[in-house]
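**Q** To be precise about what I am sending: the file is called structure_12.pdb and holds PDB, C-alpha atoms and all ligand atoms.
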```pdb
ATOM      1  CA  ASN A   1     -20.870  -9.244  36.682
ATOM      2  CA  LYS A   2     -24.154  -8.892  38.516
ATOM      3  CA  ASP A   3     -24.041  -5.159  37.851
ATOM      4  CA  ILE A   4     -23.995  -5.630  34.110
ATOM      5  CA  TYR A   5     -25.900  -8.871  33.558
ATOM      6  CA  ARG A   6     -29.474  -8.602  32.392
ATOM      7  CA  PRO A   7     -31.394 -11.827  32.816
ATOM      8  CA  ASP A   8     -33.624 -12.541  29.873
ATOM      9  CA  ILE A   9     -36.213 -14.588  31.669
ATOM     10  CA  ILE A  10     -39.339 -13.070  33.204
ATOM     11  CA  ILE A  11     -39.535 -14.549  36.647
ATOM     12  CA  ASN A  12     -42.740 -16.171  37.731
ATOM     13  CA  LYS A  13     -41.894 -16.653  41.387
ATOM     14  CA  ASN A  14     -43.947 -19.815  41.727
ATOM     15  CA  ILE A  15     -42.136 -21.624  38.980
ATOM     16  CA  THR A  16     -38.642 -20.115  38.903
ATOM     17  CA  SER A  17     -36.522 -18.727  41.663
ATOM     18  CA  TYR A  18     -32.978 -17.726  42.646
ATOM     19  CA  ILE A  19     -30.619 -18.970  45.335
ATOM     20  CA  THR A  20     -27.479 -17.035  46.193
ATOM     21  CA  ILE A  21     -24.754 -19.633  46.742
ATOM     22  CA  MET A  22     -21.853 -17.259  47.297
ATOM     23  CA  GLN A  23     -21.115 -13.603  47.774
ATOM     24  CA  GLY A  24     -18.180 -11.335  47.124
ATOM     25  CA  CYS A  25     -15.400 -11.674  44.596
ATOM     26  CA  ASN A  26     -11.616 -12.082  44.692
ATOM     27  CA  ASN A  27     -10.969 -11.279  41.065
ATOM     28  CA  PHE A  28     -10.517  -7.518  41.079
ATOM     29  CA  CYS A  29     -11.249  -6.951  37.405
ATOM     30  CA  SER A  30      -9.844  -3.481  37.008
ATOM     31  CA  TYR A  31     -13.163  -1.855  35.990
ATOM     32  CA  CYS A  32     -15.346  -3.388  38.704
ATOM     33  CA  VAL A  33     -16.343  -2.194  42.172
ATOM     34  CA  VAL A  34     -17.814  -5.491  43.399
ATOM     35  CA  PRO A  35     -14.719  -6.747  45.305
ATOM     36  CA  TYR A  36     -14.595  -3.400  47.148
ATOM     37  CA  VAL A  37     -18.275  -3.204  48.018
ATOM     38  CA  ARG A  38     -19.087  -6.875  48.576
ATOM     39  CA  GLY A  39     -15.756  -8.069  49.987
ATOM     40  CA  PRO A  40     -13.967 -11.381  49.447
ATOM     41  CA  GLU A  41     -15.649 -14.572  48.233
ATOM     42  CA  ARG A  42     -17.728 -16.443  50.798
ATOM     43  CA  SER A  43     -19.523 -19.654  49.848
ATOM     44  CA  ARG A  44     -22.635 -20.808  51.684
ATOM     45  CA  PRO A  45     -22.558 -24.296  53.206
ATOM     46  CA  VAL A  46     -23.989 -27.015  50.978
ATOM     47  CA  THR A  47     -26.628 -28.053  53.519
ATOM     48  CA  GLU A  48     -27.998 -24.511  53.687
ATOM     49  CA  ILE A  49     -28.349 -24.372  49.883
ATOM     50  CA  GLU A  50     -29.968 -27.829  49.808
ATOM     51  CA  ASP A  51     -32.467 -26.801  52.494
ATOM     52  CA  GLU A  52     -33.385 -23.629  50.624
ATOM     53  CA  MET A  53     -33.863 -25.551  47.397
ATOM     54  CA  LYS A  54     -36.036 -28.185  49.113
ATOM     55  CA  LYS A  55     -38.250 -25.417  50.512
ATOM     56  CA  LEU A  56     -38.604 -23.869  47.071
ATOM     57  CA  ALA A  57     -39.529 -27.287  45.639
ATOM     58  CA  GLU A  58     -42.198 -27.740  48.341
ATOM     59  CA  ASN A  59     -43.669 -24.389  47.262
ATOM     60  CA  GLY A  60     -43.960 -25.445  43.633
ATOM     61  CA  CYS A  61     -40.721 -24.050  42.230
ATOM     62  CA  LYS A  62     -39.421 -26.005  39.232
ATOM     63  CA  GLU A  63     -36.379 -24.047  38.108
ATOM     64  CA  VAL A  64     -33.669 -22.504  40.265
ATOM     65  CA  THR A  65     -30.912 -20.144  39.159
ATOM     66  CA  LEU A  66     -27.858 -20.304  41.424
ATOM     67  CA  LEU A  67     -26.322 -16.892  41.864
ATOM     68  CA  GLY A  68     -22.834 -15.713  42.629
ATOM     69  CA  GLN A  69     -20.313 -13.262  41.257
ATOM     70  CA  ASN A  70     -18.173 -16.205  40.233
ATOM     71  CA  VAL A  71     -20.070 -19.447  40.802
ATOM     72  CA  ASN A  72     -17.224 -21.502  39.315
ATOM     73  CA  SER A  73     -15.077 -20.816  42.333
ATOM     74  CA  TYR A  74     -17.766 -21.924  44.827
ATOM     75  CA  TYR A  75     -16.143 -23.998  47.565
ATOM     76  CA  ASP A  76     -17.612 -25.308  50.815
ATOM     77  CA  LYS A  77     -14.324 -25.836  52.590
ATOM     78  CA  ASP A  78     -15.724 -27.706  55.601
ATOM     79  CA  ASN A  79     -17.173 -30.377  53.355
ATOM     80  CA  LYS A  80     -14.616 -30.016  50.534
ATOM     81  CA  ILE A  81     -17.343 -29.485  47.946
ATOM     82  CA  ASN A  82     -16.649 -27.511  44.792
ATOM     83  CA  PHE A  83     -19.220 -26.202  42.308
ATOM     84  CA  PRO A  84     -19.585 -29.364  40.157
ATOM     85  CA  LYS A  85     -20.002 -31.464  43.321
ATOM     86  CA  LEU A  86     -22.595 -29.016  44.654
ATOM     87  CA  LEU A  87     -24.532 -29.383  41.382
ATOM     88  CA  LYS A  88     -24.409 -33.195  41.652
ATOM     89  CA  LYS A  89     -26.026 -32.927  45.092
ATOM     90  CA  LEU A  90     -28.666 -30.402  44.041
ATOM     91  CA  VAL A  91     -29.909 -32.429  41.067
ATOM     92  CA  LYS A  92     -31.044 -35.095  43.552
ATOM     93  CA  ILE A  93     -33.657 -32.775  45.055
ATOM     94  CA  ASP A  94     -37.118 -33.963  43.994
ATOM     95  CA  GLY A  95     -39.452 -31.428  42.434
ATOM     96  CA  ILE A  96     -36.758 -29.160  41.012
ATOM     97  CA  GLU A  97     -36.595 -29.934  37.309
ATOM     98  CA  ARG A  98     -33.978 -27.450  36.142
ATOM     99  CA  ILE A  99     -30.932 -25.719  37.544
ATOM    100  CA  ARG A 100     -29.207 -22.709  35.972
ATOM    101  CA  PHE A 101     -26.379 -20.585  37.265
ATOM    102  CA  MET A 102     -24.690 -17.253  36.739
ATOM    103  CA  THR A 103     -22.139 -15.906  36.446
ATOM    104  CA  SER A 104     -19.053 -17.850  35.472
ATOM    105  CA  HIS A 105     -15.539 -16.512  35.217
ATOM    106  CA  PRO A 106     -13.787 -18.096  32.216
ATOM    107  CA  LYS A 107     -10.528 -18.681  34.096
ATOM    108  CA  ASP A 108     -12.308 -20.973  36.592
ATOM    109  CA  LEU A 109     -14.408 -22.942  34.113
ATOM    110  CA  SER A 110     -13.217 -26.521  34.555
ATOM    111  CA  GLU A 111     -13.647 -29.625  32.440
ATOM    112  CA  GLU A 112     -15.181 -31.246  35.524
ATOM    113  CA  LEU A 113     -17.961 -28.631  35.420
ATOM    114  CA  ILE A 114     -18.578 -29.118  31.691
ATOM    115  CA  GLU A 115     -18.689 -32.924  32.141
ATOM    116  CA  THR A 116     -21.098 -32.550  35.072
ATOM    117  CA  ILE A 117     -23.454 -30.371  33.045
ATOM    118  CA  ALA A 118     -23.263 -32.803  30.124
ATOM    119  CA  SER A 119     -24.142 -35.758  32.341
ATOM    120  CA  GLU A 120     -27.059 -34.360  34.343
ATOM    121  CA  LYS A 121     -30.396 -33.770  32.606
ATOM    122  CA  LYS A 122     -31.549 -31.201  35.179
ATOM    123  CA  LEU A 123     -28.542 -28.933  34.529
ATOM    124  CA  CYS A 124     -29.403 -26.451  31.794
ATOM    125  CA  LYS A 125     -27.206 -26.521  28.712
ATOM    126  CA  HIS A 126     -26.462 -22.830  28.800
ATOM    127  CA  PHE A 127     -23.267 -21.061  29.778
ATOM    128  CA  HIS A 128     -23.153 -17.325  30.340
ATOM    129  CA  LEU A 129     -19.429 -16.741  30.094
ATOM    130  CA  PRO A 130     -18.432 -13.065  29.991
ATOM    131  CA  VAL A 131     -15.441 -12.540  27.688
ATOM    132  CA  GLN A 132     -15.348  -8.699  27.882
ATOM    133  CA  SER A 133     -12.706  -8.318  25.137
ATOM    134  CA  GLY A 134     -10.942 -10.318  22.432
ATOM    135  CA  SER A 135      -7.715  -8.356  22.803
ATOM    136  CA  ASP A 136      -5.039  -9.858  25.043
ATOM    137  CA  HIS A 137      -3.689  -6.393  25.739
ATOM    138  CA  ILE A 138      -7.079  -5.155  26.956
ATOM    139  CA  LEU A 139      -7.778  -8.376  28.870
ATOM    140  CA  GLU A 140      -4.533  -7.786  30.720
ATOM    141  CA  LEU A 141      -5.469  -4.187  31.507
ATOM    142  CA  MET A 142      -8.843  -5.471  32.683
ATOM    143  CA  ASN A 143      -7.037  -7.997  34.921
ATOM    144  CA  ARG A 144      -9.206 -10.802  33.611
ATOM    145  CA  ASN A 145      -6.482 -13.458  33.950
ATOM    146  CA  TYR A 146      -7.075 -15.287  30.664
ATOM    147  CA  THR A 147      -6.132 -14.760  27.049
ATOM    148  CA  SER A 148      -8.471 -14.754  24.074
ATOM    149  CA  SER A 149      -7.039 -18.128  22.964
ATOM    150  CA  LEU A 150      -7.725 -19.685  26.363
ATOM    151  CA  TYR A 151     -11.281 -18.357  26.181
ATOM    152  CA  ILE A 152     -11.733 -19.827  22.681
ATOM    153  CA  GLU A 153     -10.265 -23.137  23.891
ATOM    154  CA  LYS A 154     -12.761 -23.273  26.773
ATOM    155  CA  THR A 155     -15.776 -22.546  24.576
ATOM    156  CA  SER A 156     -14.582 -25.178  22.056
ATOM    157  CA  LYS A 157     -14.308 -27.681  24.905
ATOM    158  CA  ILE A 158     -17.898 -26.872  25.970
ATOM    159  CA  ARG A 159     -19.132 -27.527  22.421
ATOM    160  CA  GLU A 160     -17.037 -30.671  22.079
ATOM    161  CA  ILE A 161     -18.493 -32.187  25.253
ATOM    162  CA  ILE A 162     -22.074 -30.830  25.000
ATOM    163  CA  LYS A 163     -23.336 -31.013  21.447
ATOM    164  CA  ASP A 164     -26.428 -28.812  21.780
ATOM    165  CA  VAL A 165     -25.468 -25.947  24.068
ATOM    166  CA  ALA A 166     -26.023 -22.180  24.224
ATOM    167  CA  ILE A 167     -23.175 -19.835  25.055
ATOM    168  CA  THR A 168     -23.833 -16.181  25.811
ATOM    169  CA  THR A 169     -21.439 -13.467  26.866
ATOM    170  CA  ASP A 170     -20.838  -9.908  28.060
ATOM    171  CA  ILE A 171     -18.605  -7.544  26.099
ATOM    172  CA  LEU A 172     -17.224  -4.211  27.247
ATOM    173  CA  VAL A 173     -16.163  -1.859  24.443
ATOM    174  CA  GLY A 174     -14.190   1.355  24.641
ATOM    175  CA  PHE A 175     -12.039   0.353  27.615
ATOM    176  CA  PRO A 176      -9.131   2.811  28.152
ATOM    177  CA  CYS A 177      -6.371   2.271  25.536
ATOM    178  CA  GLU A 178      -8.628   0.110  23.319
ATOM    179  CA  ASN A 179      -7.413   0.938  19.811
ATOM    180  CA  GLU A 180      -8.753  -0.192  16.449
ATOM    181  CA  LYS A 181      -6.653  -3.373  16.493
ATOM    182  CA  ASP A 182      -7.855  -4.299  19.984
ATOM    183  CA  PHE A 183     -11.425  -3.726  18.894
ATOM    184  CA  ASN A 184     -10.921  -5.827  15.744
ATOM    185  CA  ASP A 185      -9.618  -8.651  17.932
ATOM    186  CA  THR A 186     -12.944  -8.543  19.797
ATOM    187  CA  VAL A 187     -14.825  -8.594  16.497
ATOM    188  CA  LYS A 188     -12.768 -11.617  15.377
ATOM    189  CA  LEU A 189     -13.475 -13.426  18.643
ATOM    190  CA  VAL A 190     -17.217 -12.792  18.319
ATOM    191  CA  GLU A 191     -17.128 -14.161  14.762
ATOM    192  CA  LYS A 192     -15.107 -17.187  15.817
ATOM    193  CA  VAL A 193     -16.988 -18.203  18.964
ATOM    194  CA  ARG A 194     -20.450 -17.434  17.534
ATOM    195  CA  PHE A 195     -22.343 -16.691  20.721
ATOM    196  CA  ASP A 196     -26.074 -17.299  20.980
ATOM    197  CA  ASP A 197     -26.329 -13.787  22.351
ATOM    198  CA  ALA A 198     -24.129 -11.028  23.712
ATOM    199  CA  PHE A 199     -24.788  -8.195  26.147
ATOM    200  CA  VAL A 200     -22.617  -5.330  24.978
ATOM    201  CA  PHE A 201     -21.737  -2.327  27.125
ATOM    202  CA  LYS A 202     -19.739   0.876  26.725
ATOM    203  CA  TYR A 203     -17.013   1.390  29.271
ATOM    204  CA  SER A 204     -17.654   4.042  31.871
ATOM    205  CA  GLU A 205     -15.385   4.871  34.734
ATOM    206  CA  ARG A 206     -16.147   3.534  38.245
ATOM    207  CA  LYS A 207     -14.489   5.604  40.925
ATOM    208  CA  GLY A 208     -11.963   3.800  43.110
ATOM    209  CA  THR A 209     -11.166   1.071  40.578
ATOM    210  CA  GLU A 210      -7.762   0.448  38.975
ATOM    211  CA  ALA A 211      -9.179   1.248  35.535
ATOM    212  CA  ALA A 212     -10.183   4.707  36.773
ATOM    213  CA  LYS A 213      -6.453   5.484  37.020
ATOM    214  CA  LEU A 214      -6.204   5.061  33.226
ATOM    215  CA  ARG A 215      -7.221   7.889  30.937
ATOM    216  CA  ASP A 216     -10.707   7.244  29.539
ATOM    217  CA  ASP A 217      -9.313   7.977  26.061
ATOM    218  CA  VAL A 218     -11.886   6.437  23.716
ATOM    219  CA  LYS A 219     -14.318   9.127  22.599
ATOM    220  CA  GLU A 220     -17.987   8.619  23.436
ATOM    221  CA  GLU A 221     -19.051   8.504  19.747
ATOM    222  CA  GLU A 222     -16.349   5.919  19.032
ATOM    223  CA  LYS A 223     -17.526   3.785  21.966
ATOM    224  CA  LEU A 224     -21.031   3.976  20.538
ATOM    225  CA  ARG A 225     -19.798   3.017  17.043
ATOM    226  CA  ARG A 226     -17.984  -0.007  18.453
ATOM    227  CA  LEU A 227     -20.990  -1.037  20.513
ATOM    228  CA  ASN A 228     -23.310  -0.838  17.516
ATOM    229  CA  TYR A 229     -20.837  -2.659  15.279
ATOM    230  CA  ILE A 230     -20.637  -5.624  17.668
ATOM    231  CA  LEU A 231     -24.413  -5.625  18.140
ATOM    232  CA  GLU A 232     -24.892  -5.752  14.363
ATOM    233  CA  ILE A 233     -22.523  -8.688  13.894
ATOM    234  CA  GLN A 234     -23.989 -10.477  16.876
ATOM    235  CA  ALA A 235     -27.546  -9.977  15.587
ATOM    236  CA  LYS A 236     -26.642 -11.847  12.369
ATOM    237  CA  ILE A 237     -24.985 -14.666  14.299
ATOM    238  CA  SER A 238     -27.948 -14.947  16.696
ATOM    239  CA  GLU A 239     -30.315 -15.015  13.730
ATOM    240  CA  ASP A 240     -28.374 -17.865  12.096
ATOM    241  CA  ILE A 241     -28.221 -19.846  15.326
ATOM    242  CA  ASN A 242     -31.907 -19.298  16.045
ATOM    243  CA  ASN A 243     -32.881 -20.312  12.480
ATOM    244  CA  ASN A 244     -31.241 -23.653  13.235
ATOM    245  CA  GLU A 245     -33.478 -24.158  16.251
ATOM    246  CA  VAL A 246     -36.566 -24.434  14.018
ATOM    247  CA  GLY A 247     -37.548 -28.082  13.579
ATOM    248  CA  LYS A 248     -35.878 -29.272  16.781
ATOM    249  CA  ILE A 249     -37.745 -31.313  19.376
ATOM    250  CA  VAL A 250     -37.066 -29.843  22.804
ATOM    251  CA  ASP A 251     -38.260 -30.005  26.404
ATOM    252  CA  VAL A 252     -39.807 -26.738  27.559
ATOM    253  CA  LEU A 253     -40.789 -25.556  31.022
ATOM    254  CA  CYS A 254     -44.146 -23.729  31.040
ATOM    255  CA  LEU A 255     -43.573 -20.497  32.956
ATOM    256  CA  GLY A 256     -46.884 -18.703  32.701
ATOM    257  CA  LYS A 257     -49.469 -17.090  30.464
ATOM    258  CA  SER A 258     -48.248 -15.335  27.344
ATOM    259  CA  LEU A 259     -48.877 -11.594  27.303
ATOM    260  CA  ARG A 260     -49.659 -11.791  23.583
ATOM    261  CA  SER A 261     -52.422 -14.340  23.531
ATOM    262  CA  SER A 262     -54.735 -15.727  26.209
ATOM    263  CA  ASP A 263     -54.565 -19.303  24.899
ATOM    264  CA  GLU A 264     -50.772 -19.445  24.858
ATOM    265  CA  LEU A 265     -48.129 -20.103  27.470
ATOM    266  CA  LYS A 266     -44.617 -18.748  27.584
ATOM    267  CA  THR A 267     -42.035 -21.489  27.993
ATOM    268  CA  THR A 268     -38.265 -21.805  27.856
ATOM    269  CA  THR A 269     -35.919 -24.499  26.660
ATOM    270  CA  ASP A 270     -32.949 -25.499  28.775
ATOM    271  CA  LYS A 271     -30.831 -23.316  26.442
ATOM    272  CA  ASN A 272     -33.038 -20.450  27.650
ATOM    273  CA  LYS A 273     -34.779 -19.920  24.294
ATOM    274  CA  LYS A 274     -38.325 -18.576  24.559
ATOM    275  CA  VAL A 275     -40.999 -20.760  22.989
ATOM    276  CA  TYR A 276     -44.714 -19.937  22.949
ATOM    277  CA  ILE A 277     -47.153 -22.852  22.803
ATOM    278  CA  LYS A 278     -50.921 -23.173  22.602
ATOM    279  CA  THR A 279     -52.097 -24.951  25.722
ATOM    280  CA  GLY A 280     -54.031 -24.420  28.929
ATOM    281  CA  GLU A 281     -52.973 -22.867  32.215
ATOM    282  CA  ASP A 282     -53.059 -26.297  33.868
ATOM    283  CA  LYS A 283     -49.707 -26.971  32.175
ATOM    284  CA  ILE A 284     -47.923 -24.123  34.010
ATOM    285  CA  GLY A 285     -44.979 -25.632  35.877
ATOM    286  CA  LYS A 286     -44.890 -28.735  33.663
ATOM    287  CA  ILE A 287     -42.147 -29.810  31.301
ATOM    288  CA  LEU A 288     -43.506 -30.673  27.870
ATOM    289  CA  LYS A 289     -41.991 -32.062  24.704
ATOM    290  CA  VAL A 290     -42.417 -29.560  21.895
ATOM    291  CA  LYS A 291     -41.467 -29.265  18.248
ATOM    292  CA  ILE A 292     -40.214 -25.788  17.375
ATOM    293  CA  LYS A 293     -42.328 -24.844  14.346
ATOM    294  CA  GLU A 294     -41.222 -21.308  13.523
ATOM    295  CA  LYS A 295     -39.538 -18.159  14.672
ATOM    296  CA  ARG A 296     -41.934 -15.588  16.020
ATOM    297  CA  THR A 297     -39.479 -12.784  16.659
ATOM    298  CA  LYS A 298     -35.722 -12.685  16.347
ATOM    299  CA  ASP A 299     -35.328 -14.514  19.648
ATOM    300  CA  ALA A 300     -38.659 -16.200  20.322
ATOM    301  CA  PHE A 301     -40.300 -19.204  18.742
ATOM    302  CA  PHE A 302     -43.658 -20.850  18.331
ATOM    303  CA  GLY A 303     -43.861 -24.545  19.114
ATOM    304  CA  GLU A 304     -46.341 -27.408  19.094
ATOM    305  CA  ILE A 305     -46.717 -30.029  21.783
ATOM    306  CA  ILE A 306     -45.913 -33.502  20.438
TER     307      ILE A 306
HETATM  308  S1  LIG A 401     -15.388 -11.403  38.289
HETATM  309 FE1  LIG A 401     -14.640  -9.339  37.825
HETATM  310  S2  LIG A 401     -16.445  -8.336  36.911
HETATM  311 FE2  LIG A 401     -17.219 -10.140  38.002
HETATM  312  S3  LIG A 401     -17.711  -9.373  40.047
HETATM  313 FE3  LIG A 401     -15.617 -10.145  40.163
HETATM  314  S4  LIG A 401     -14.336  -8.352  39.806
HETATM  315 FE4  LIG A 401     -16.407  -7.825  39.117
END
```
Translate the structure of the given file into structure tokens.
**A**
Amino acid sequence: NKDIYRPDIIINKNITSYITIMQGCNNFCSYCVVPYVRGPERSRPVTEIEDEMKKLAENGCKEVTLLGQNVNSYYDKDNKINFPKLLKKLVKIDGIERIRFMTSHPKDLSEELIETIASEKKLCKHFHLPVQSGSDHILELMNRNYTSSLYIEKTSKIREIIKDVAITTDILVGFPCENEKDFNDTVKLVEKVRFDDAFVFKYSERKGTEAAKLRDDVKEEEKLRRLNYILEIQAKISEDINNNEVGKIVDVLCLGKSLRSSDELKTTTDKNKKVYIKTGEDKIGKILKVKIKEKRTKDAFFGEII
């Protein structure tokens, strides 16, 4: 996932930072080289992660993104601590105001995790949950270990438990054997789940993977057509969702000076929406209550401090 995920946020190292909580992957998605190059999953001990986060807090960091190929399967076996329990410990660290994580594998997304995120203010209400395809046939060939209905069930559960939440995804089009029906199943899933945003990629062969044994039979121009089609549908959905953000009162974290205007700061909501506000540099690193006044671009807003 790390290979294909593009974080949206511009990192100001003083305010936001990353902590790797685990490495490797046991999933062997058929198109991915990570399990071969990074080896099996290894989770860092809880105390080590806590110490690193405390140090970041001492240095002025306010928001930490926990990293791992599949954070949902984090497990400190000596202390019997799974990912939701790790989060419950990390929210107690003073100075850190927000915690994000990526990336999650849908098969390991538990109700315990959703409940934990719902109950803790510091845990950002944003799930990046790569679906890759809406076709059960292709999901099987990808060795993703879930069906499209299970994926839809999990995203419905997230929205049932957390009322105001952002869900983003990764989609891979043009996987070997993906026919028109398979592709339409992906389109239907995108329309049903209504993601806040989607990162869409064309399949390309990675040597040594299981998928590389399949004939790469979707023509390049067809892959491109499918990619553009999904992007077009997703753009309309994102626009609708973002229109609904206008008027909301939200907490934003001030990340740094805006590149557009010297009297503005760039901030983000816990759903990872960008909001620009007029205020001074002394507010960098602070969480402010803001009313979202208008959309500035398709995925950025202008807000006023209230
Ligand atoms: S979950 Fe799949 S795509 Fe993500 S790193 Fe593991 S094998 Fe690769």
**Q** Could you report the residues within 6 Å of ligand LIG 401 (chain A), using only C-alpha atoms and all ligand atoms, as a ChimeraX atom specification?
**A** /A:1,25,27-29,32,34-35,69-70,105
**Q** Give the answer as one residue: which of A:Lys188, A:Lys122, A:Arg98, A:Lys80 has the shortest atom-to-atom distance to Lys62 of chain A, using all atoms listed in the file?
**A** A:Arg98
**Q** At a cut-off of 6 Å around the point (-47.5, -20.9, 27.5) (file coordinates), what residues fall inside when counting all atoms listed in the file? I'd like the answer as a tab-separated table (two decimals) with C-alpha atoms, in the coordinates of the input.
**A**
```tsv
chain	number	residue	atom	x	y	z
A	254	CYS	CA	-44.15	-23.73	31.04
A	256	GLY	CA	-46.88	-18.70	32.70
A	257	LYS	CA	-49.47	-17.09	30.46
A	258	SER	CA	-48.25	-15.34	27.34
A	264	GLU	CA	-50.77	-19.44	24.86
A	265	LEU	CA	-48.13	-20.10	27.47
A	266	LYS	CA	-44.62	-18.75	27.58
A	267	THR	CA	-42.04	-21.49	27.99
A	276	TYR	CA	-44.71	-19.94	22.95
A	277	ILE	CA	-47.15	-22.85	22.80
```
**Q** Just how far from atom CA of Val275 of chain A is atom CA of Gly95 of chain A, in Å to one decimal?
**A**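 So the two atoms, atom CA of Gly95 of chain A and atom CA of Val275 of chain A, lie 22.2 Å apart.
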**Q** If you measure from atom CA of Lys293 of chain A to atom CA of Arg159 of chain A, what distance in Å do you get, rounded to one decimal?
**A**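 About the pair atom CA of Lys293 of chain A and atom CA of Arg159 of chain A: they are 24.7 Å apart.
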**Q** For Lys107 of chain A, which of A:Arg44, A:Lys163, A:Lys92, A:Arg144 is the closest residue, counting only C-alpha atoms?
**A**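 Nearest to Lys107 of chain A: A:Arg144.
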**Q** Please, what distance in Å, to one decimal, runs between atom CA of Arg100 of chain A and atom CA of Gly247 of chain A?
**A**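 Answer for the atom CA of Arg100 of chain A to atom CA of Gly247 of chain A separation: 24.5 Å.
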**Q** Evaluate the PyMOL selection byres (((chain A and resi 72-74) around 6) and not hetatm) and record the selected residues as a list in words, following the chain and residue labels used in the document.
**A**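 When the PyMOL selection byres (((chain A and resi 72-74) around 6) and not hetatm) is applied to the shown file, the picked residues are Ser43, Asn70, Val71, Tyr75, Asn82, Phe83, Ser104 and Asp108 of chain A.
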**Q** Could you spell out the hits of the PyMOL selection byres (((chain A and resi 47) around 10) and not hetatm) on the shown file, as a list in words?
**A**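 Against this file, the PyMOL selection byres (((chain A and resi 47) around 10) and not hetatm) returns the residues Arg44, Pro45, Val46, Glu48, Ile49, Glu50, Asp51, Glu52, Met53, Asp76, Asn79, Leu86, Lys89 and Leu90 of chain A.
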**Q** With the PyMOL selection byres (((chain A and resi 65) around 10) and not hetatm) as the selection, what would be picked from this file? Answer as a PyMOL selection string, please.
**A** chain A and resi 16-21+63-64+66-68+98-102+124
**Q** Can you list every residue of segment 105-147 of chain A that has an atom at most 12 Å from segment 227-243 of chain A, with its nearest atom pair and the distance in Å to one decimal, using only C-alpha atoms, ordered by chain then number, as a Markdown table?
**A**
```
| residue | atom | partner | partner_atom | distance |
| --- | --- | --- | --- | --- |
| A:Gln132 | CA | A:Ile230 | CA | 11.9 |
| A:Ser133 | CA | A:Ile230 | CA | 11.2 |
| A:Gly134 | CA | A:Ile230 | CA | 11.8 |
```
**Q** Here is a test: counting all atoms listed in the file, which residue of A:Ile93, A:Glu41, A:Asn26, A:Phe302 is nearest to Ala57 of chain A?
**A**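 Once distances to Ala57 of chain A are computed over all atoms listed in the file, the minimum belongs to A:Ile93.
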**Q** Would you mind putting back N, CA, C and O atoms on segment 223-233 of chain A, then writing it out as an mmCIF file, keeping the file's coordinate frame?
**A**
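Saved as part.cif:
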```cif
data_model
loop_
_atom_site.group_PDB
_atom_site.id
_atom_site.type_symbol
_atom_site.label_atom_id
_atom_site.label_comp_id
_atom_site.auth_asym_id
_atom_site.auth_seq_id
_atom_site.Cartn_x
_atom_site.Cartn_y
_atom_site.Cartn_z
ATOM 1 N N LYS A 223 -17.007 4.894 21.141
ATOM 2 C CA LYS A 223 -17.526 3.785 21.966
ATOM 3 C C LYS A 223 -18.867 3.312 21.400
ATOM 4 O O LYS A 223 -19.120 2.119 21.283
ATOM 5 N N LEU A 224 -19.710 4.291 21.064
ATOM 6 C CA LEU A 224 -21.031 3.976 20.538
ATOM 7 C C LEU A 224 -20.930 3.240 19.194
ATOM 8 O O LEU A 224 -21.646 2.272 18.938
ATOM 9 N N ARG A 225 -19.996 3.684 18.344
ATOM 10 C CA ARG A 225 -19.798 3.017 17.043
ATOM 11 C C ARG A 225 -19.391 1.555 17.266
ATOM 12 O O ARG A 225 -19.917 0.640 16.650
ATOM 13 N N ARG A 226 -18.456 1.356 18.190
ATOM 14 C CA ARG A 226 -17.984 -0.007 18.453
ATOM 15 C C ARG A 226 -19.108 -0.877 19.024
ATOM 16 O O ARG A 226 -19.259 -2.037 18.643
ATOM 17 N N LEU A 227 -19.869 -0.296 19.924
ATOM 18 C CA LEU A 227 -20.990 -1.037 20.513
ATOM 19 C C LEU A 227 -21.975 -1.466 19.421
ATOM 20 O O LEU A 227 -22.348 -2.637 19.324
ATOM 21 N N ASN A 228 -22.335 -0.522 18.566
ATOM 22 C CA ASN A 228 -23.310 -0.838 17.516
ATOM 23 C C ASN A 228 -22.766 -1.846 16.511
ATOM 24 O O ASN A 228 -23.496 -2.695 16.009
ATOM 25 N N TYR A 229 -21.466 -1.736 16.234
ATOM 26 C CA TYR A 229 -20.837 -2.659 15.279
ATOM 27 C C TYR A 229 -20.923 -4.097 15.800
ATOM 28 O O TYR A 229 -21.314 -5.015 15.077
ATOM 29 N N ILE A 230 -20.579 -4.264 17.076
ATOM 30 C CA ILE A 230 -20.637 -5.624 17.668
ATOM 31 C C ILE A 230 -22.094 -6.106 17.695
ATOM 32 O O ILE A 230 -22.370 -7.260 17.358
ATOM 33 N N LEU A 231 -23.002 -5.205 18.065
ATOM 34 C CA LEU A 231 -24.413 -5.625 18.140
ATOM 35 C C LEU A 231 -24.914 -6.100 16.774
ATOM 36 O O LEU A 231 -25.650 -7.078 16.673
ATOM 37 N N GLU A 232 -24.465 -5.403 15.727
ATOM 38 C CA GLU A 232 -24.892 -5.752 14.363
ATOM 39 C C GLU A 232 -24.377 -7.142 13.974
ATOM 40 O O GLU A 232 -25.124 -7.970 13.460
ATOM 41 N N ILE A 233 -23.098 -7.372 14.229
ATOM 42 C CA ILE A 233 -22.523 -8.688 13.894
ATOM 43 C C ILE A 233 -23.211 -9.772 14.711
ATOM 44 O O ILE A 233 -23.574 -10.828 14.202
#
```
